[in-house]
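One structure is given here, and the rest of the page talks about it.
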Protein chains: 2
Amino acid sequence: VTRVACQQVAPRIGDLAANRELSVRAIRDAVAGGAGIVVLPELVTSGYVFGSREEAASVAIAADDPLFSDWAAQAARGPAVVVGGVCERGPDGRLYNSAAVVDGSGVRAVYRKTHLWDREKLIFEPGDEAPPVVDTPAGRIGVLVCYDLEFPELTRSVALRGADLLAVPTNWPLVDRPAGERAPEVVIAMAAARTNRVFVACCDRTGTERGQKWTAGTTLIDEQGWVMATTEGEGSAAAEMDLPRARVKTLTERSDTLLDRRPELYADVVAAAHASSTSRKESAP
Amino acid sequence: VTRVACQQVAPRIGDLAANRELSVRAIRDAVAGGAGIVVLPELVTSGYVFGSREEAASVAIAADDPLFSDWAAQAARGPAVVVGGVCERGPDGRLYNSAAVVDGSGVRAVYRKTHLWDREKLIFEPGDEAPPVVDTPAGRIGVLVCYDLEFPELTRSVALRGADLLAVPTNWPLVDRPAGERAPEVVIAMAAARTNRVFVACCDRTGTERGQKWTAGTTLIDEQGWVMATTEGEGSAAAEMDLPRARVKTLTERSDTLLDRRPELYADVVAAAHASSTSRKESAP
């Protein structure tokens, strides 16, 4: 059983030094609390609400930045694995909304968000590689960032590649919801967990940044789709996850969530985007 | 705006005549109440818990059965469109767990469930055709049956083909869930609605059949993923759905739930099943 901790902190926009301190402290605290996997919010190194690409560029860091050595040093004390959001300057010089996977040995993987949300498209390049599934002693960690989670064909794909846990750094902008309901992103995460029989750990941020309110909706979910832990405001949510349970896809004697799939019926899902966009633009009658 | 009604009835196993009367009355009541679309449970013509293939065969009906004329006659009084579950004897003589789409003119489509649940595999053949999207004056109706809904690549596919509403005849066997939670199938339906921006109408059954308890979880959901109506026991749930709203896939100025897809990243979803099943059978460490 692995203790998975999500550290719901409030990064400061554009303040690399403060966010470095914040993230290192968050990892240290989680590892001290026994976490084997630590998830931090999206763009925890930089904050989110950039006014321009230039502003984001001014705090973008490369995958060999000393920050990751600091994360690795804290991870080594567990040992633990850290998944956290990074405003990344890629090897091509472009900006990416990335998530780094770091263990005691250093950076294990960098995932560049492939589904950019709204104004992120003005700042970042979308990644061109599918989310990684990183094999660790604790289990296989699939990495998504925020809006990626809302594409069920993507979460399915990551599950098919063997992920036990989806680790999802997020910055969920607060949206309206009916009284008594969970944030819609959490409902989507619960369904992703249950339909794929994988654990999910969404680490949201808190605070208000340049007028943007956040959901602060950090949620850990078991492989049946039920909520294990949440937190409010600046805080930590953690749950003990028996990650190998995610390798049992059997539902009943004759049902299996992956083997019952009929891939030959899903061709539309991978058809070229321009084909579907034509019908999309059709107006209502 | 279209009134969509789900008639949560309790079919009697093996009693074609009683179920015919039950289904015709359910349609009549819904149409009298102003419904433009009426959804009935899975296998409403026959009941569900068959002891053998032979027993199911004894109550299987063809798509030209007079029952559908009765449904059509009631539909014509709306006019309305009916989607209801049928224990079907196909043109090939085999048994299918089907859903018929019937309007005042007769049978518009027959969908044969493609994802069979558990012991259904002992009774029925799986359908080989993707769910239909039936164009009606009220809107475009995509048809799934029960367990189909738990395959997010399938619901996505139906949405990509232009469905405004997923009409889902179901028989949900009652399963454990934490106190205060909705049935897990409802959480999955809410996520399917929101991630695809489509309406969803799941019509469950009620009663206990040969010891099997049902969820009686009928739920209508709007295109934002929020519950519009439910019912308990034998009853009807209905909601006024502005179905053309499902054609607006735009989320923000720069975000669109379908156009933001990256089909080139989802190849795993359509890879041959045997490839994924190999990794599935890997044991936990």
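Following the order of the structure tokens, first chain is A, next is B, and so on, with residues numbered from 1 inside each chain and ligands from 1 in the order they appear.
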Exercise. Can you list every residue in region 43-132 of chain B that DSSP puts in strand (DSSP E), as a PyMOL selection string?
Worked result: chain B and resi 81-89+95-103+106-112
For the residues in that selection, give me N, CA and C atoms as a short mmCIF file (atom, residue, chain, number, x, y, z; two decimals), in the first residue's frame.
```
data_model
loop_
_atom_site.label_atom_id
_atom_site.label_comp_id
_atom_site.auth_asym_id
_atom_site.auth_seq_id
_atom_site.Cartn_x
_atom_site.Cartn_y
_atom_site.Cartn_z
N VAL B 81 -41.19 9.73 -30.07
CA VAL B 81 -40.27 8.67 -30.45
C VAL B 81 -40.03 7.81 -29.22
N VAL B 82 -40.08 6.49 -29.40
CA VAL B 82 -39.91 5.55 -28.29
C VAL B 82 -38.59 4.80 -28.47
N VAL B 83 -37.85 4.68 -27.38
CA VAL B 83 -36.65 3.84 -27.37
C VAL B 83 -36.83 2.82 -26.25
N GLY B 84 -36.90 1.56 -26.60
CA GLY B 84 -37.15 0.56 -25.56
C GLY B 84 -36.41 -0.74 -25.83
N GLY B 85 -36.12 -1.45 -24.76
CA GLY B 85 -35.35 -2.68 -24.86
C GLY B 85 -36.19 -3.87 -25.31
N VAL B 86 -35.58 -4.73 -26.11
CA VAL B 86 -36.28 -5.86 -26.73
C VAL B 86 -35.41 -7.11 -26.67
N CYS B 87 -35.98 -8.20 -26.27
CA CYS B 87 -35.33 -9.50 -26.45
C CYS B 87 -35.63 -9.91 -27.88
N GLU B 88 -34.64 -9.74 -28.76
CA GLU B 88 -34.87 -9.84 -30.20
C GLU B 88 -34.36 -11.16 -30.78
N ARG B 89 -35.18 -11.74 -31.63
CA ARG B 89 -34.70 -12.81 -32.49
C ARG B 89 -34.31 -12.14 -33.81
N LEU B 95 -30.25 -14.62 -30.86
CA LEU B 95 -30.87 -13.72 -29.89
C LEU B 95 -29.98 -12.50 -29.64
N TYR B 96 -30.61 -11.36 -29.57
CA TYR B 96 -29.90 -10.11 -29.28
C TYR B 96 -30.60 -9.35 -28.17
N ASN B 97 -29.78 -8.68 -27.36
CA ASN B 97 -30.29 -7.74 -26.36
C ASN B 97 -30.35 -6.39 -27.07
N SER B 98 -31.51 -6.06 -27.57
CA SER B 98 -31.63 -4.94 -28.51
C SER B 98 -32.40 -3.78 -27.93
N ALA B 99 -32.30 -2.64 -28.63
CA ALA B 99 -33.17 -1.51 -28.34
C ALA B 99 -33.78 -1.08 -29.66
N ALA B 100 -35.10 -0.93 -29.65
CA ALA B 100 -35.81 -0.49 -30.85
C ALA B 100 -36.15 0.99 -30.73
N VAL B 101 -36.01 1.67 -31.85
CA VAL B 101 -36.42 3.07 -31.93
C VAL B 101 -37.67 3.10 -32.81
N VAL B 102 -38.76 3.54 -32.22
CA VAL B 102 -40.06 3.46 -32.89
C VAL B 102 -40.73 4.84 -32.87
N ASP B 103 -41.20 5.27 -34.03
CA ASP B 103 -42.03 6.47 -34.05
C ASP B 103 -43.38 6.12 -34.67
N GLY B 106 -43.46 3.55 -37.39
CA GLY B 106 -43.00 2.18 -37.14
C GLY B 106 -41.57 2.16 -36.64
N VAL B 107 -40.91 1.03 -36.86
CA VAL B 107 -39.55 0.84 -36.35
C VAL B 107 -38.56 1.65 -37.19
N ARG B 108 -37.86 2.57 -36.56
CA ARG B 108 -36.88 3.40 -37.26
C ARG B 108 -35.48 2.77 -37.22
N ALA B 109 -35.18 2.07 -36.16
CA ALA B 109 -33.86 1.46 -36.03
C ALA B 109 -33.92 0.39 -34.96
N VAL B 110 -33.06 -0.60 -35.11
CA VAL B 110 -32.86 -1.60 -34.06
C VAL B 110 -31.36 -1.64 -33.77
N TYR B 111 -31.02 -1.41 -32.52
CA TYR B 111 -29.62 -1.49 -32.11
C TYR B 111 -29.43 -2.75 -31.28
N ARG B 112 -28.42 -3.50 -31.61
CA ARG B 112 -28.11 -4.73 -30.87
C ARG B 112 -26.92 -4.49 -29.95
#
```
For this session: Enumerate as a VMD selection string the residues belonging to chain A that approach chain B to within 7 Å, with only C-alpha atoms taken into account.
Result: chain A and resid 115 117 to 119 130 150 to 154 156 to 157 160 187 to 188 191 195 244 247 252 to 255 259 to 260 263 to 273 276 to 277 284
Problem set entry | Residue neighbourhood Gly47 (chain A), 6 Å, only C-alpha atoms, exclusion window fewer than 5 positions, as a list in words |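 Those residues are Pro11, Arg12 and Ile13 of chain A.
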For this session: Could you pull out the residues in region 72-195 of chain A that DSSP calls alpha helix (DSSP H) from the backbone, as a PyMOL selection string?
Result: chain A and resi 72-76+120-123+152-160+184-195
For this session: For region 199-213 of chain B, please output as a PyMOL selection string all residues within 7 Å (counting only C-alpha atoms; exclusion window: fewer than 4 positions along the same chain).
Result: chain B and resi 6-10+39-41+49+164-174+189+193+217-223+233-234+246
Writer output for current selection, N, CA, C and O atoms, as a short mmCIF file (atom, residue, chain, number, x, y, z; two decimals), in the first residue's frame:
```cif
data_model
loop_
_atom_site.label_atom_id
_atom_site.label_comp_id
_atom_site.auth_asym_id
_atom_site.auth_seq_id
_atom_site.Cartn_x
_atom_site.Cartn_y
_atom_site.Cartn_z
N CYS B 6 -38.68 8.93 -18.95
CA CYS B 6 -38.20 7.56 -18.73
C CYS B 6 -39.22 6.85 -17.85
O CYS B 6 -39.56 7.33 -16.77
N GLN B 7 -39.67 5.72 -18.31
CA GLN B 7 -40.72 4.97 -17.60
C GLN B 7 -40.11 3.78 -16.87
O GLN B 7 -39.83 2.73 -17.46
N GLN B 8 -39.90 3.97 -15.58
CA GLN B 8 -39.22 2.96 -14.76
C GLN B 8 -40.23 1.90 -14.30
O GLN B 8 -40.77 1.98 -13.20
N VAL B 9 -40.44 0.93 -15.14
CA VAL B 9 -41.43 -0.11 -14.86
C VAL B 9 -40.74 -1.40 -14.38
O VAL B 9 -39.51 -1.47 -14.29
N ALA B 10 -41.57 -2.40 -14.09
CA ALA B 10 -41.04 -3.70 -13.62
C ALA B 10 -41.57 -4.80 -14.52
O ALA B 10 -42.63 -5.38 -14.27
N VAL B 39 -38.38 6.77 -23.12
CA VAL B 39 -37.40 5.71 -22.99
C VAL B 39 -37.93 4.66 -22.01
O VAL B 39 -38.48 5.01 -20.95
N LEU B 40 -37.82 3.40 -22.42
CA LEU B 40 -38.24 2.26 -21.59
C LEU B 40 -37.00 1.45 -21.21
O LEU B 40 -35.95 1.57 -21.84
N PRO B 41 -37.11 0.60 -20.19
CA PRO B 41 -35.92 -0.16 -19.74
C PRO B 41 -35.43 -1.17 -20.79
O PRO B 41 -36.14 -1.53 -21.74
N VAL B 49 -33.68 -11.90 -16.17
CA VAL B 49 -32.91 -12.99 -15.56
C VAL B 49 -33.32 -14.35 -16.13
O VAL B 49 -33.99 -15.15 -15.49
N ASP B 164 -27.51 14.24 -30.01
CA ASP B 164 -27.84 15.29 -29.04
C ASP B 164 -28.18 14.66 -27.69
O ASP B 164 -28.01 15.28 -26.64
N LEU B 165 -28.74 13.46 -27.77
CA LEU B 165 -29.22 12.75 -26.58
C LEU B 165 -28.75 11.31 -26.66
O LEU B 165 -28.87 10.68 -27.72
N LEU B 166 -28.25 10.80 -25.56
CA LEU B 166 -28.03 9.36 -25.45
C LEU B 166 -29.23 8.78 -24.71
O LEU B 166 -29.48 9.12 -23.56
N ALA B 167 -29.98 7.93 -25.40
CA ALA B 167 -31.11 7.24 -24.79
C ALA B 167 -30.65 5.84 -24.42
O ALA B 167 -30.19 5.09 -25.30
N VAL B 168 -30.76 5.50 -23.14
CA VAL B 168 -30.09 4.31 -22.64
C VAL B 168 -31.04 3.42 -21.83
O VAL B 168 -31.17 3.56 -20.61
N PRO B 169 -31.74 2.50 -22.48
CA PRO B 169 -32.47 1.49 -21.72
C PRO B 169 -31.49 0.67 -20.89
O PRO B 169 -30.45 0.22 -21.41
N THR B 170 -31.78 0.52 -19.59
CA THR B 170 -30.86 -0.21 -18.72
C THR B 170 -31.63 -1.14 -17.80
O THR B 170 -32.82 -0.96 -17.55
N ASN B 171 -30.91 -2.11 -17.29
CA ASN B 171 -31.30 -2.91 -16.12
C ASN B 171 -30.04 -2.92 -15.25
O ASN B 171 -29.14 -3.73 -15.48
N TRP B 172 -29.97 -2.00 -14.31
CA TRP B 172 -28.76 -1.91 -13.49
C TRP B 172 -28.90 -2.81 -12.26
O TRP B 172 -29.69 -2.49 -11.35
N PRO B 173 -28.14 -3.90 -12.17
CA PRO B 173 -28.17 -4.71 -10.95
C PRO B 173 -27.68 -3.85 -9.78
O PRO B 173 -26.70 -3.11 -9.92
N LEU B 174 -28.35 -3.94 -8.67
CA LEU B 174 -27.98 -3.11 -7.51
C LEU B 174 -26.59 -3.51 -7.02
O LEU B 174 -26.32 -4.69 -6.78
N ALA B 189 -22.61 8.26 -16.28
CA ALA B 189 -23.49 8.95 -17.23
C ALA B 189 -23.32 10.46 -17.16
O ALA B 189 -23.33 11.15 -18.19
N ALA B 193 -22.10 12.82 -20.23
CA ALA B 193 -22.84 14.00 -20.66
C ALA B 193 -21.92 15.21 -20.74
O ALA B 193 -21.86 15.90 -21.76
N GLY B 217 -32.49 3.20 -10.87
CA GLY B 217 -31.70 4.43 -10.87
C GLY B 217 -31.95 5.36 -12.04
O GLY B 217 -31.07 6.17 -12.38
N THR B 218 -33.12 5.26 -12.64
CA THR B 218 -33.46 6.14 -13.77
C THR B 218 -33.02 7.59 -13.52
O THR B 218 -33.34 8.15 -12.48
N THR B 219 -32.31 8.14 -14.49
CA THR B 219 -31.78 9.50 -14.32
C THR B 219 -31.72 10.20 -15.67
O THR B 219 -31.24 9.63 -16.65
N LEU B 220 -32.20 11.45 -15.70
CA LEU B 220 -32.06 12.31 -16.88
C LEU B 220 -31.04 13.39 -16.56
O LEU B 220 -31.06 13.97 -15.46
N ILE B 221 -30.16 13.66 -17.51
CA ILE B 221 -28.98 14.50 -17.25
C ILE B 221 -28.87 15.53 -18.36
O ILE B 221 -29.07 15.21 -19.54
N ASP B 222 -28.53 16.76 -17.97
CA ASP B 222 -28.39 17.80 -19.01
C ASP B 222 -26.99 17.76 -19.63
O ASP B 222 -26.14 16.97 -19.24
N GLU B 223 -26.79 18.62 -20.62
CA GLU B 223 -25.55 18.56 -21.39
C GLU B 223 -24.36 19.14 -20.63
O GLU B 223 -23.23 19.09 -21.11
N GLY B 233 -38.82 3.59 -7.36
CA GLY B 233 -39.81 2.53 -7.51
C GLY B 233 -40.44 2.58 -8.89
O GLY B 233 -39.82 2.99 -9.87
N GLU B 234 -41.69 2.10 -8.97
CA GLU B 234 -42.38 2.19 -10.25
C GLU B 234 -42.80 3.64 -10.45
O GLU B 234 -43.60 4.17 -9.69
N ALA B 246 -27.08 20.74 -27.27
CA ALA B 246 -26.01 19.74 -27.35
C ALA B 246 -25.13 19.96 -28.58
O ALA B 246 -24.08 19.31 -28.71
#
```
